[in-house]
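Raw contents of target_13.cif, mmCIF, C-alpha atoms:
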```
data_model
#
loop_
_atom_site.label_atom_id
_atom_site.label_comp_id
_atom_site.auth_asym_id
_atom_site.auth_seq_id
_atom_site.Cartn_x
_atom_site.Cartn_y
_atom_site.Cartn_z
CA MET A 1 -12.43 63.35 36.29
CA ALA A 2 -11.24 60.27 38.18
CA THR A 3 -10.58 62.47 41.22
CA THR A 4 -14.24 63.22 41.81
CA ALA A 5 -15.05 59.53 41.64
CA ASN A 6 -12.38 58.71 44.20
CA VAL A 7 -13.51 61.16 46.87
CA HIS A 8 -16.70 59.18 47.31
CA GLN A 9 -14.92 55.91 48.06
CA THR A 10 -12.42 56.91 50.73
CA LYS A 11 -13.03 53.79 52.82
CA TRP A 12 -9.50 52.51 52.54
CA TRP A 13 -9.24 49.32 54.57
CA SER A 14 -12.62 50.43 56.04
CA GLY A 15 -10.83 52.81 58.40
CA GLY A 16 -10.48 55.67 56.01
CA LYS A 17 -6.69 55.78 56.40
CA SER A 18 -3.88 54.50 54.22
CA PRO A 19 -0.89 54.58 56.55
CA PHE A 20 1.52 52.88 54.15
CA ASN A 21 0.56 54.80 51.02
CA MET A 22 0.04 51.43 49.40
CA GLU A 23 -2.75 49.62 47.68
CA TYR A 24 -4.45 47.00 49.89
CA GLY A 25 -3.79 44.06 47.54
CA LYS A 26 -0.13 44.89 47.21
CA LEU A 27 0.34 45.11 50.98
CA MET A 28 -1.38 41.75 51.41
CA MET A 29 0.88 40.28 48.74
CA TRP A 30 3.84 41.47 50.81
CA TYR A 31 2.45 39.79 53.92
CA PHE A 32 1.74 36.61 52.00
CA LEU A 33 5.31 36.60 50.71
CA MET A 34 6.60 37.13 54.25
CA SER A 35 4.64 34.10 55.46
CA ASP A 36 5.88 32.11 52.46
CA ALA A 37 9.42 33.13 53.37
CA PHE A 38 8.84 31.52 56.76
CA THR A 39 7.59 28.33 55.10
CA PHE A 40 10.67 28.07 52.89
CA GLY A 41 12.86 29.15 55.79
CA ALA A 42 11.46 26.39 57.97
CA PHE A 43 12.16 23.80 55.24
CA LEU A 44 15.70 25.00 54.67
CA ILE A 45 16.49 25.27 58.39
CA SER A 46 15.12 21.76 58.94
CA TYR A 47 17.46 20.61 56.18
CA GLY A 48 20.34 22.44 57.88
CA SER A 49 19.47 20.87 61.21
CA ILE A 50 19.50 17.34 59.77
CA ARG A 51 22.67 18.05 57.85
CA PHE A 52 24.44 19.20 61.02
CA SER A 53 23.29 16.04 62.80
CA GLN A 54 25.18 13.82 60.33
CA ASN A 55 28.84 12.87 60.32
CA PHE A 56 28.88 12.81 56.53
CA TRP A 57 26.98 14.80 53.93
CA PRO A 58 27.38 14.43 50.14
CA ASP A 59 29.51 17.05 48.39
CA PRO A 60 27.15 18.94 46.03
CA ASN A 61 29.91 19.21 43.42
CA VAL A 62 29.97 15.42 43.21
CA VAL A 63 26.18 15.07 43.03
CA PHE A 64 25.39 17.88 40.59
CA ASN A 65 28.03 17.54 37.89
CA ALA A 66 26.01 16.62 34.81
CA PHE A 67 25.04 18.75 31.85
CA PRO A 68 22.48 17.87 29.15
CA GLY A 69 24.21 16.38 26.13
CA ALA A 70 27.61 16.25 27.85
CA GLY A 71 27.39 12.53 28.66
CA HIS A 72 29.49 11.54 31.66
CA ALA A 73 31.66 14.67 31.60
CA ASN A 74 32.37 15.98 35.09
CA LEU A 75 30.99 19.55 35.08
CA PRO A 76 30.25 20.59 38.65
CA LEU A 77 27.94 23.61 39.08
CA ALA A 78 27.61 24.17 35.31
CA PHE A 79 23.96 23.28 34.82
CA VAL A 80 22.71 24.90 38.01
CA SER A 81 24.44 28.14 37.05
CA VAL A 82 22.47 28.10 33.79
CA MET A 83 19.27 27.66 35.84
CA THR A 84 20.27 30.51 38.16
CA PHE A 85 20.93 32.90 35.29
CA ILE A 86 17.64 31.97 33.63
CA LEU A 87 15.82 32.97 36.80
CA ILE A 88 17.80 36.21 37.26
CA ILE A 89 17.12 37.25 33.66
CA SER A 90 13.41 36.42 33.95
CA SER A 91 13.32 38.58 37.08
CA VAL A 92 14.80 41.46 35.08
CA THR A 93 12.21 41.08 32.31
CA MET A 94 9.52 41.13 35.01
CA VAL A 95 10.90 44.42 36.37
CA LEU A 96 10.65 45.81 32.84
CA ALA A 97 7.04 44.54 32.51
CA VAL A 98 6.06 46.25 35.78
CA HIS A 99 7.76 49.46 34.66
CA ALA A 100 5.94 49.34 31.32
CA GLY A 101 2.72 48.92 33.33
CA HIS A 102 3.41 52.11 35.28
CA LYS A 103 3.69 53.94 31.99
CA GLY A 104 0.53 52.26 30.69
CA ASP A 105 2.46 50.90 27.73
CA LYS A 106 0.39 47.83 26.84
CA GLN A 107 2.66 46.53 24.04
CA ALA A 108 5.75 46.65 26.26
CA VAL A 109 3.89 44.90 29.11
CA VAL A 110 2.90 42.09 26.73
CA LYS A 111 6.42 41.79 25.36
CA TRP A 112 8.21 41.63 28.74
CA LEU A 113 5.59 39.39 30.35
CA ALA A 114 5.96 36.95 27.46
CA TRP A 115 9.74 36.85 27.96
CA THR A 116 9.23 36.28 31.70
CA ILE A 117 6.96 33.33 30.94
CA VAL A 118 9.55 31.92 28.55
CA GLY A 119 12.18 32.20 31.30
CA GLY A 120 9.91 30.46 33.81
CA LEU A 121 9.19 27.60 31.41
CA ALA A 122 12.90 27.26 30.59
CA PHE A 123 13.68 27.00 34.30
CA LEU A 124 10.99 24.34 34.80
CA GLY A 125 12.39 22.41 31.83
CA CYS A 126 15.86 22.50 33.36
CA GLN A 127 14.53 21.29 36.68
CA ALA A 128 12.64 18.44 35.00
CA TRP A 129 15.84 17.36 33.27
CA GLU A 130 17.83 17.55 36.49
CA TRP A 131 15.31 15.48 38.45
CA HIS A 132 15.08 12.92 35.66
CA HIS A 133 18.85 12.65 35.50
CA LEU A 134 19.19 12.20 39.26
CA ILE A 135 16.40 9.62 39.56
CA THR A 136 17.26 7.49 36.53
CA GLY A 137 21.07 7.89 36.48
CA GLU A 138 22.27 4.70 38.20
CA HIS A 139 25.46 4.51 40.22
CA ALA A 140 27.24 1.46 41.60
CA THR A 141 26.80 1.82 45.37
CA LEU A 142 27.88 -0.29 48.31
CA ILE A 143 24.67 -1.16 50.19
CA ASP A 144 24.35 -3.89 52.86
CA GLY A 145 27.56 -5.68 51.87
CA GLN A 146 26.85 -5.83 48.14
CA ILE A 147 27.06 -3.49 45.20
CA LYS A 148 23.80 -2.28 43.70
CA MET A 149 23.00 0.06 40.84
CA VAL A 150 20.86 2.85 42.33
CA GLY A 151 19.67 6.33 41.40
CA GLN A 152 19.10 9.22 43.78
CA THR A 153 15.70 8.65 45.35
CA THR A 154 14.12 9.37 48.72
CA THR A 155 15.13 5.92 50.02
CA VAL A 156 18.70 5.50 48.75
CA ASN A 157 21.57 7.88 48.22
CA PRO A 158 24.49 6.84 45.99
CA TRP A 159 26.67 9.76 47.18
CA GLY A 160 28.01 8.41 50.47
CA ASP A 161 31.65 8.29 51.50
CA LEU A 162 34.12 6.47 49.19
CA ALA A 163 34.18 2.82 50.25
CA SER A 164 37.54 1.28 51.15
CA ALA A 165 39.11 -1.09 48.61
CA SER A 166 38.80 -4.07 50.96
CA ALA A 167 35.09 -3.43 51.55
CA VAL A 168 34.53 -3.18 47.79
CA ALA A 169 36.48 -6.42 47.19
CA ASP A 170 34.29 -8.21 49.75
CA ALA A 171 31.10 -6.70 48.35
CA LEU A 172 31.97 -7.78 44.78
CA LYS A 173 31.61 -11.44 45.88
CA ASN A 174 27.99 -10.81 46.92
CA THR A 175 27.12 -8.71 43.90
CA SER A 176 24.67 -9.95 41.31
CA HIS A 177 25.95 -11.05 37.88
CA GLU A 178 23.94 -8.36 36.11
CA THR A 179 25.43 -5.58 38.24
CA LEU A 180 28.94 -6.97 37.73
CA VAL A 181 28.44 -6.84 33.97
CA GLN A 182 27.40 -3.18 34.26
CA ILE A 183 30.38 -2.31 36.47
CA VAL A 184 32.89 -4.03 34.16
CA SER A 185 31.40 -2.56 30.98
CA SER A 186 31.58 0.98 32.39
CA HIS A 187 35.31 0.54 33.07
CA ASP A 188 36.39 -1.66 30.16
CA HIS A 189 34.98 -0.56 26.82
CA SER A 190 36.99 -3.10 24.78
CA VAL A 191 34.57 -5.94 25.47
CA SER A 192 30.95 -5.82 24.32
CA HIS A 193 28.05 -6.04 26.74
CA GLU A 194 26.96 -9.38 25.22
CA GLN A 195 30.39 -10.97 25.69
CA LEU A 196 30.47 -9.80 29.30
CA ALA A 197 26.99 -11.19 29.94
CA GLY A 198 28.28 -14.63 28.90
CA MET A 199 31.19 -14.59 31.32
CA SER A 200 31.24 -16.23 34.74
CA GLN A 201 31.10 -14.36 38.04
CA GLU A 202 34.78 -15.11 38.73
CA LYS A 203 35.95 -13.98 35.29
CA LEU A 204 34.06 -10.70 35.68
CA MET A 205 35.49 -10.11 39.16
CA SER A 206 39.01 -10.69 37.87
CA MET A 207 38.52 -7.96 35.27
CA VAL A 208 38.09 -5.17 37.80
CA ASN A 209 40.43 -3.88 40.46
CA ALA A 210 38.48 -3.00 43.60
CA ALA A 211 40.79 -0.04 44.32
CA ASP A 212 40.07 1.58 40.92
CA LEU A 213 36.29 1.41 41.11
CA HIS A 214 35.79 4.41 43.45
CA ILE A 215 32.51 3.00 44.66
CA ARG A 216 30.63 5.00 47.28
CA GLU A 217 28.66 3.83 50.25
CA ASN A 218 24.95 4.53 50.71
CA GLY A 219 24.86 8.17 51.83
CA PRO A 220 22.45 9.92 54.21
CA VAL A 221 18.94 9.00 53.09
CA ALA A 222 17.53 12.40 54.14
CA PHE A 223 19.41 14.03 51.26
CA GLY A 224 16.91 12.88 48.60
CA GLY A 225 13.80 13.81 50.56
CA TYR A 226 15.07 17.30 51.33
CA PHE A 227 16.39 17.93 47.83
CA TYR A 228 13.25 16.78 46.01
CA GLY A 229 10.95 18.27 48.66
CA ILE A 230 12.46 21.74 48.69
CA THR A 231 13.37 22.11 45.02
CA GLY A 232 9.96 20.60 44.22
CA PHE A 233 8.19 23.13 46.43
CA HIS A 234 10.19 25.89 44.76
CA GLY A 235 9.44 24.43 41.33
CA PHE A 236 5.75 24.45 42.23
CA HIS A 237 6.08 28.16 43.04
CA VAL A 238 7.73 28.74 39.66
CA PHE A 239 4.92 26.81 38.00
CA SER A 240 2.20 28.83 39.75
CA GLY A 241 4.14 32.01 38.95
CA VAL A 242 4.12 31.05 35.26
CA VAL A 243 0.36 30.41 35.44
CA ILE A 244 -0.20 33.80 37.13
CA ASN A 245 1.94 35.51 34.49
CA ILE A 246 -0.01 33.82 31.70
CA VAL A 247 -3.27 35.07 33.26
CA MET A 248 -1.74 38.57 33.47
CA LEU A 249 -0.72 38.35 29.83
CA LEU A 250 -4.23 37.37 28.73
CA MET A 251 -5.82 40.11 30.86
CA THR A 252 -3.42 42.68 29.42
CA GLN A 253 -4.26 41.63 25.89
CA LYS A 254 -7.98 41.86 26.65
CA ASP A 255 -7.40 45.47 27.79
CA VAL A 256 -8.66 44.69 31.32
CA PHE A 257 -5.96 46.87 32.92
CA GLN A 258 -6.26 49.57 30.28
CA LYS A 259 -9.97 49.93 31.13
CA ARG A 260 -9.23 49.83 34.86
CA GLY A 261 -6.83 52.71 34.38
CA HIS A 262 -3.84 51.05 36.03
CA TYR A 263 -1.58 48.00 35.84
CA LEU A 264 -1.24 47.37 39.58
CA MET A 265 -2.10 43.70 39.08
CA ILE A 266 1.14 43.26 37.10
CA GLU A 267 3.00 44.80 40.03
CA LYS A 268 1.57 42.20 42.43
CA ALA A 269 2.35 39.33 40.04
CA GLY A 270 5.82 40.86 39.74
CA LEU A 271 6.32 40.76 43.51
CA TYR A 272 5.45 37.06 43.51
CA TRP A 273 7.81 36.37 40.63
CA HIS A 274 10.72 38.19 42.29
CA PHE A 275 10.04 36.22 45.45
CA VAL A 276 10.43 32.98 43.49
CA ASP A 277 13.81 34.26 42.28
CA LEU A 278 14.68 35.26 45.85
CA VAL A 279 13.90 31.80 47.20
CA TRP A 280 16.05 30.23 44.47
CA VAL A 281 19.00 32.32 45.64
CA PHE A 282 18.75 30.53 48.99
CA VAL A 283 17.99 27.08 47.57
CA PHE A 284 21.02 27.52 45.30
CA LEU A 285 23.11 28.40 48.36
CA CYS A 286 21.92 25.56 50.58
CA PHE A 287 21.90 22.69 48.09
CA TYR A 288 24.51 23.52 45.46
CA LEU A 289 27.11 25.84 46.97
CA ILE A 290 27.70 24.83 50.57
CA MET B 1 -15.68 65.99 56.87
CA SER B 2 -14.20 68.55 54.58
CA THR B 3 -11.97 70.03 57.29
CA HIS B 4 -9.84 66.92 57.86
CA PHE B 5 -6.95 66.07 55.56
CA ASP B 6 -8.02 64.15 52.52
CA PRO B 7 -5.08 63.00 50.41
CA THR B 8 -7.27 62.05 47.48
CA LYS B 9 -7.75 65.75 46.76
CA HIS B 10 -4.08 66.03 45.91
CA ILE B 11 -3.64 62.98 43.75
CA SER B 12 -3.11 63.25 40.06
CA SER B 13 -6.04 62.43 37.86
CA SER B 14 -4.14 59.45 36.42
CA ALA B 15 -4.23 57.63 39.76
CA ALA B 16 -7.26 55.40 39.79
CA TYR B 17 -6.19 53.81 43.09
CA PRO B 18 -6.97 56.17 45.96
CA GLU B 19 -4.98 54.41 48.70
CA VAL B 20 -1.85 55.70 47.03
CA SER B 21 -1.61 59.43 47.60
CA PHE B 22 1.84 60.04 46.15
CA HIS B 23 4.15 58.20 43.81
CA HIS B 24 7.73 57.20 44.06
CA HIS B 25 8.03 55.75 40.59
CA ASP B 26 8.44 59.11 38.98
CA ILE B 27 12.10 58.63 38.10
CA ASP B 28 12.66 59.08 34.40
CA ASP B 29 13.11 56.24 31.96
CA ALA B 30 16.85 56.62 31.49
CA ALA B 31 17.54 56.60 35.24
CA PHE B 32 15.29 53.55 35.68
CA LYS B 33 17.00 51.62 32.88
CA LYS B 34 20.39 52.52 34.32
CA LYS B 35 19.36 51.27 37.77
CA VAL B 36 18.01 47.99 36.40
CA ARG B 37 21.10 47.42 34.27
CA LYS B 38 23.38 48.15 37.24
CA THR B 39 21.47 45.74 39.48
CA THR B 40 21.44 43.00 36.81
CA ILE B 41 25.20 43.27 36.36
CA LEU B 42 25.69 43.30 40.13
CA LEU B 43 23.58 40.15 40.61
CA SER B 44 25.38 38.38 37.76
CA VAL B 45 28.82 39.30 39.07
CA ILE B 46 27.93 38.13 42.59
CA THR B 47 26.61 34.84 41.14
CA ILE B 48 29.81 34.32 39.15
CA ILE B 49 31.90 34.96 42.28
CA GLU B 50 29.72 32.45 44.16
CA LEU B 51 30.28 29.86 41.43
CA ALA B 52 34.02 30.50 41.52
CA ILE B 53 34.02 29.94 45.29
CA GLY B 54 31.94 26.77 44.79
CA LEU B 55 34.56 25.45 42.37
CA ALA B 56 37.33 26.49 44.77
CA ILE B 57 35.68 24.41 47.50
CA TYR B 58 35.47 21.51 45.03
CA THR B 59 39.21 21.71 44.28
CA ILE B 60 40.05 21.96 47.97
CA HIS B 61 38.00 18.83 48.66
CA LYS B 62 39.77 16.98 45.84
CA GLY B 63 43.21 18.03 47.12
CA GLU B 64 45.51 16.03 49.35
CA ASN B 65 44.93 17.81 52.65
CA PRO B 66 41.58 19.64 52.58
CA SER B 67 41.74 22.54 55.02
CA ALA B 68 38.47 22.53 56.96
CA LEU B 69 38.99 26.13 58.07
CA LEU B 70 39.49 27.39 54.51
CA VAL B 71 36.36 25.57 53.32
CA LEU B 72 34.39 27.04 56.23
CA MET B 73 35.60 30.55 55.38
CA PHE B 74 34.64 30.11 51.73
CA LYS B 75 31.21 28.84 52.74
CA GLY B 76 30.77 31.84 55.05
CA ALA B 77 31.73 34.16 52.18
CA VAL B 78 29.12 32.53 49.91
CA CYS B 79 26.46 33.03 52.62
CA ILE B 80 27.29 36.74 52.87
CA LEU B 81 27.23 37.12 49.07
CA THR B 82 23.82 35.41 49.00
CA LEU B 83 22.47 37.87 51.56
CA ALA B 84 23.79 40.72 49.38
CA LYS B 85 21.93 39.24 46.38
CA ALA B 86 18.75 38.91 48.43
CA TYR B 87 19.09 42.55 49.51
CA TYR B 88 19.36 43.78 45.92
CA ILE B 89 16.44 41.66 44.69
CA VAL B 90 14.17 42.86 47.51
CA SER B 91 15.14 46.51 47.59
CA VAL B 92 15.54 47.19 43.86
CA PHE B 93 13.49 44.61 41.94
CA MET B 94 10.67 44.45 44.49
CA HIS B 95 10.97 48.20 45.26
CA LEU B 96 10.76 47.59 49.01
CA GLY B 97 13.43 50.26 49.43
CA ASP B 98 11.05 52.86 47.97
CA GLU B 99 8.23 52.17 50.43
CA ILE B 100 7.39 54.03 53.62
CA ARG B 101 9.76 53.13 56.45
CA ASN B 102 7.03 51.78 58.74
CA MET B 103 5.85 49.43 55.99
CA ILE B 104 9.40 48.14 55.46
CA MET B 105 9.64 47.50 59.20
CA THR B 106 6.44 45.40 59.28
CA ILE B 107 8.13 43.07 56.76
CA VAL B 108 11.73 43.13 57.98
CA VAL B 109 11.24 43.00 61.76
CA PRO B 110 9.33 39.66 61.80
CA LEU B 111 12.04 38.19 59.54
CA MET B 112 14.55 38.91 62.31
CA LEU B 113 13.17 35.75 63.93
CA PHE B 114 15.29 33.86 61.41
CA ILE B 115 18.43 34.86 63.31
CA TRP B 116 17.26 32.89 66.36
CA PHE B 117 15.66 30.23 64.18
CA ILE B 118 18.87 29.40 62.28
CA ILE B 119 21.19 29.46 65.29
CA ALA B 120 18.86 27.37 67.47
CA PHE B 121 18.12 24.62 64.96
CA ILE B 122 21.66 24.29 63.61
CA ALA B 123 22.96 24.07 67.19
CA ASP B 124 20.28 21.49 67.97
CA GLY B 125 21.30 19.32 65.00
CA ASN B 126 24.95 19.62 65.94
CA SER B 127 24.25 18.66 69.55
CA TYR B 128 22.27 15.61 68.38
CA LYS B 129 25.27 14.52 66.31
CA ASN B 130 27.66 14.91 69.24
CA LEU B 131 25.37 12.98 71.59
CA ARG B 132 24.95 10.14 69.11
CA ASN B 133 28.69 9.92 68.46
CA LYS B 134 29.23 9.72 72.20
CA TYR B 135 26.54 7.20 73.12
CA ASP B 136 25.89 5.31 69.86
CA LYS B 137 29.21 3.82 68.77
CA HIS B 138 27.59 1.95 65.89
CA PHE B 139 26.35 5.26 64.45
CA GLN B 140 29.79 6.77 64.78
CA GLU B 141 31.63 3.82 63.21
CA SER B 142 29.19 3.39 60.34
CA THR B 143 28.90 7.05 59.34
CA MET B 144 32.20 8.75 60.20
CA PRO B 145 33.72 9.91 56.86
CA ALA B 146 36.90 9.61 54.80
CA ASP B 147 39.52 10.35 57.44
CA HIS B 148 39.00 7.04 59.21
CA HIS B 149 39.53 5.13 55.94
CA LYS B 150 42.67 7.12 55.33
CA LYS B 151 43.94 6.35 58.81
CA ALA B 152 43.19 2.65 58.33
CA GLU B 153 45.13 2.60 55.09
CA GLU B 154 47.96 4.82 56.19
CA PRO B 155 50.24 2.03 57.48
CA LYS B 156 50.32 0.64 53.91
CA PRO B 157 53.08 2.85 52.47
CA ALA B 158 55.19 2.13 55.54
CA ASP B 159 54.72 -1.63 54.99
CA ALA B 160 55.68 -1.33 51.34
CA GLY B 161 58.75 0.63 52.35
CA GLY B 162 59.70 -2.10 54.80
CA LYS B 163 59.59 -4.79 52.13
CA GLN B 164 61.96 -3.01 49.77
#
```

Would you mind giving the structure from this file in structure tokens?
Amino acid sequence: MATTANVHQTKWWSGGKSPFNMEYGKLMMWYFLMSDAFTFGAFLISYGSIRFSQNFWPDPNVVFNAFPGAGHANLPLAFVSVMTFILIISSVTMVLAVHAGHKGDKQAVVKWLAWTIVGGLAFLGCQAWEWHHLITGEHATLIDGQIKMVGQTTTVNPWGDLASASAVADALKNTSHETLVQIVSSHDHSVSHEQLAGMSQEKLMSMVNAADLHIRENGPVAFGGYFYGITGFHGFHVFSGVVINIVMLLMTQKDVFQKRGHYLMIEKAGLYWHFVDLVWVFVFLCFYLI
Amino acid sequence: MSTHFDPTKHISSSAAYPEVSFHHHDIDDAAFKKKVRKTTILLSVITIIELAIGLAIYTIHKGENPSALLVLMFKGAVCILTLAKAYYIVSVFMHLGDEIRNMIMTIVVPLMLFIWFIIAFIADGNSYKNLRNKYDKHFQESTMPADHHKKAEEPKPADAGGKQ
């Protein structure tokens, strides 16, 4: 039945040949993904190049050590491993959705696609939390001879080298009263914030020992731009992948693929989704592990 | 027209996409599930090993005398493990391994450029650092890490010892 219909449209890629035994759209998805790999590769290699041109680079285990709800507990790599597993599992559910598509099992396609979307949204939620934590979490940092409370942005980096005790002692003299109050209150919990605010500059300075503060210098500024730029670009891919998967889910439910006779569209969306997981493997390596 | 090979004549009636003349997804359900489960476990185990190495690097950095060589070896190991993960995702999850060899080559061969790309740009960055350290003393003094603080503070214990 379908065979007779196909014989009349043998203009594959207009040349009448299908050298790769592959549907046109799927092959083009592969070439798009290859070009996208070069885009991500260029970003990551640029990051590597800048990193190698610096004498100091922040230790990722010091930067990424927070976990939602864990307060100031030092948990290096914990949260990013959760994010990594979310993406691996959502890749597995996508494989199952594609497989269900090959069998023409509509209910299974819907089920596994829905789980993939949930995984994608969970990952985006994690990334939003991580960005928020990095931008708004303020750290006492030695900048231009004084101590300032700064978050990780594209213009400052609180993860530089540990400042020497003498440099910190000097910088404390130039530090604003408000910042001093914050520094003292984070080290001495016996006095309330209000009491500290009423104290003089000298009194506050006498309450801290410069050697115990472990204050860091302003680190390489490029760190923020590369981190937000590359994880943001990856996050945008995850977001568009989620949108594509939602469209696939709606089309499946409207029986579009059932009427077409095949679920090849799910396969192409699946390729894109696996690519997003693949890129994360490298982002994870470059920013969190090494 | 009818004398030349026409693969559409041999396709199954279920195939509504004529560019595909034969299928490689015909493995049975049980074998497929086994393969996916195996790959999932493999990816998870590799990730856990990577995390363990990451934590090992963290402990080495925290230690008294961080061995630069050991850290470098661990980082190299993580890179190799990451390539293994990438291989499994591409060949199993994306089914690239099941495609025709020539098709695989059109994807993989251009990616070989990355070998040059990585070596060239990392070397370039490194050379820039060396040149700046040599000719821009302010850059070197203001950015050189930890060790120089340690060296500056090292005489301290000796002084304390002298006073006793």

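Distance-wise, CA of Val108 (chain B) and CA of Leu33 (chain A) end up 11.7 Å apart.
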
Picked residues, the PyMOL selection byres ((chain A) within 6 of (chain B)), as a PDB file with C-alpha atoms, keeping the file's coordinate frame:
```
ATOM      1  CA  ALA A   2     -11.240  60.270  38.180  1.00  0.00           C
ATOM      2  CA  THR A   3     -10.580  62.470  41.220  1.00  0.00           C
ATOM      3  CA  SER A  18      -3.880  54.500  54.220  1.00  0.00           C
ATOM      4  CA  PHE A  20       1.520  52.880  54.150  1.00  0.00           C
ATOM      5  CA  ASN A  21       0.560  54.800  51.020  1.00  0.00           C
ATOM      6  CA  MET A  22       0.040  51.430  49.400  1.00  0.00           C
ATOM      7  CA  GLU A  23      -2.750  49.620  47.680  1.00  0.00           C
ATOM      8  CA  SER A  49      19.470  20.870  61.210  1.00  0.00           C
ATOM      9  CA  ILE A  50      19.500  17.340  59.770  1.00  0.00           C
ATOM     10  CA  PHE A  52      24.440  19.200  61.020  1.00  0.00           C
ATOM     11  CA  SER A  53      23.290  16.040  62.800  1.00  0.00           C
ATOM     12  CA  ASN A  55      28.840  12.870  60.320  1.00  0.00           C
ATOM     13  CA  PHE A  56      28.880  12.810  56.530  1.00  0.00           C
ATOM     14  CA  ASP A 161      31.650   8.290  51.500  1.00  0.00           C
ATOM     15  CA  LEU A 271       6.320  40.760  43.510  1.00  0.00           C
ATOM     16  CA  LEU A 289      27.110  25.840  46.970  1.00  0.00           C
ATOM     17  CA  ILE A 290      27.700  24.830  50.570  1.00  0.00           C
TER      18      ILE A 290
END
```

List the spatial neighbours of Met29 (chain A) as a ChimeraX atom specification - criterion: any atom at most 8 Å away, all atoms listed in the file, same-chain residues fewer than 3 positions off excluded.
/A:25-26,32-33,268,271-272

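This file, queried with the PyMOL selection byres ((chain A and resi 211) around 10), gives the residues Ala163, Ser164, Ala165, Ser166, Ala167, Val168, Ala169, Val208, Asn209, Ala210, Asp212, Leu213, His214 and Ile215 of chain A.
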
Point out the residue among A:Phe67, A:Glu267, A:Leu172, A:Thr252 with the least atom-to-atom distance to Ser206 (chain A), counting only C-alpha atoms.
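Answer, going by the shortest atom-to-atom distance: A:Leu172.
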
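Taking CA of Trp129 (chain A) and CA of Ile41 (chain B) as endpoints, the distance between them is 27.7 Å.
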
Distance in Å - CA of Gly145 (chain A) versus CA of Asp188 (chain A):
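If I compute the distance from CA of Gly145 (chain A) to CA of Asp188 (chain A), I get 23.8 Å.
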
Let me make sure I understand: among A:Leu162, A:Ile86, A:Val281, A:Met205, which one has the smallest atom-to-atom distance to His234 (chain A) if we use only C-alpha atoms?
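Nearest to His234 (chain A): A:Val281.
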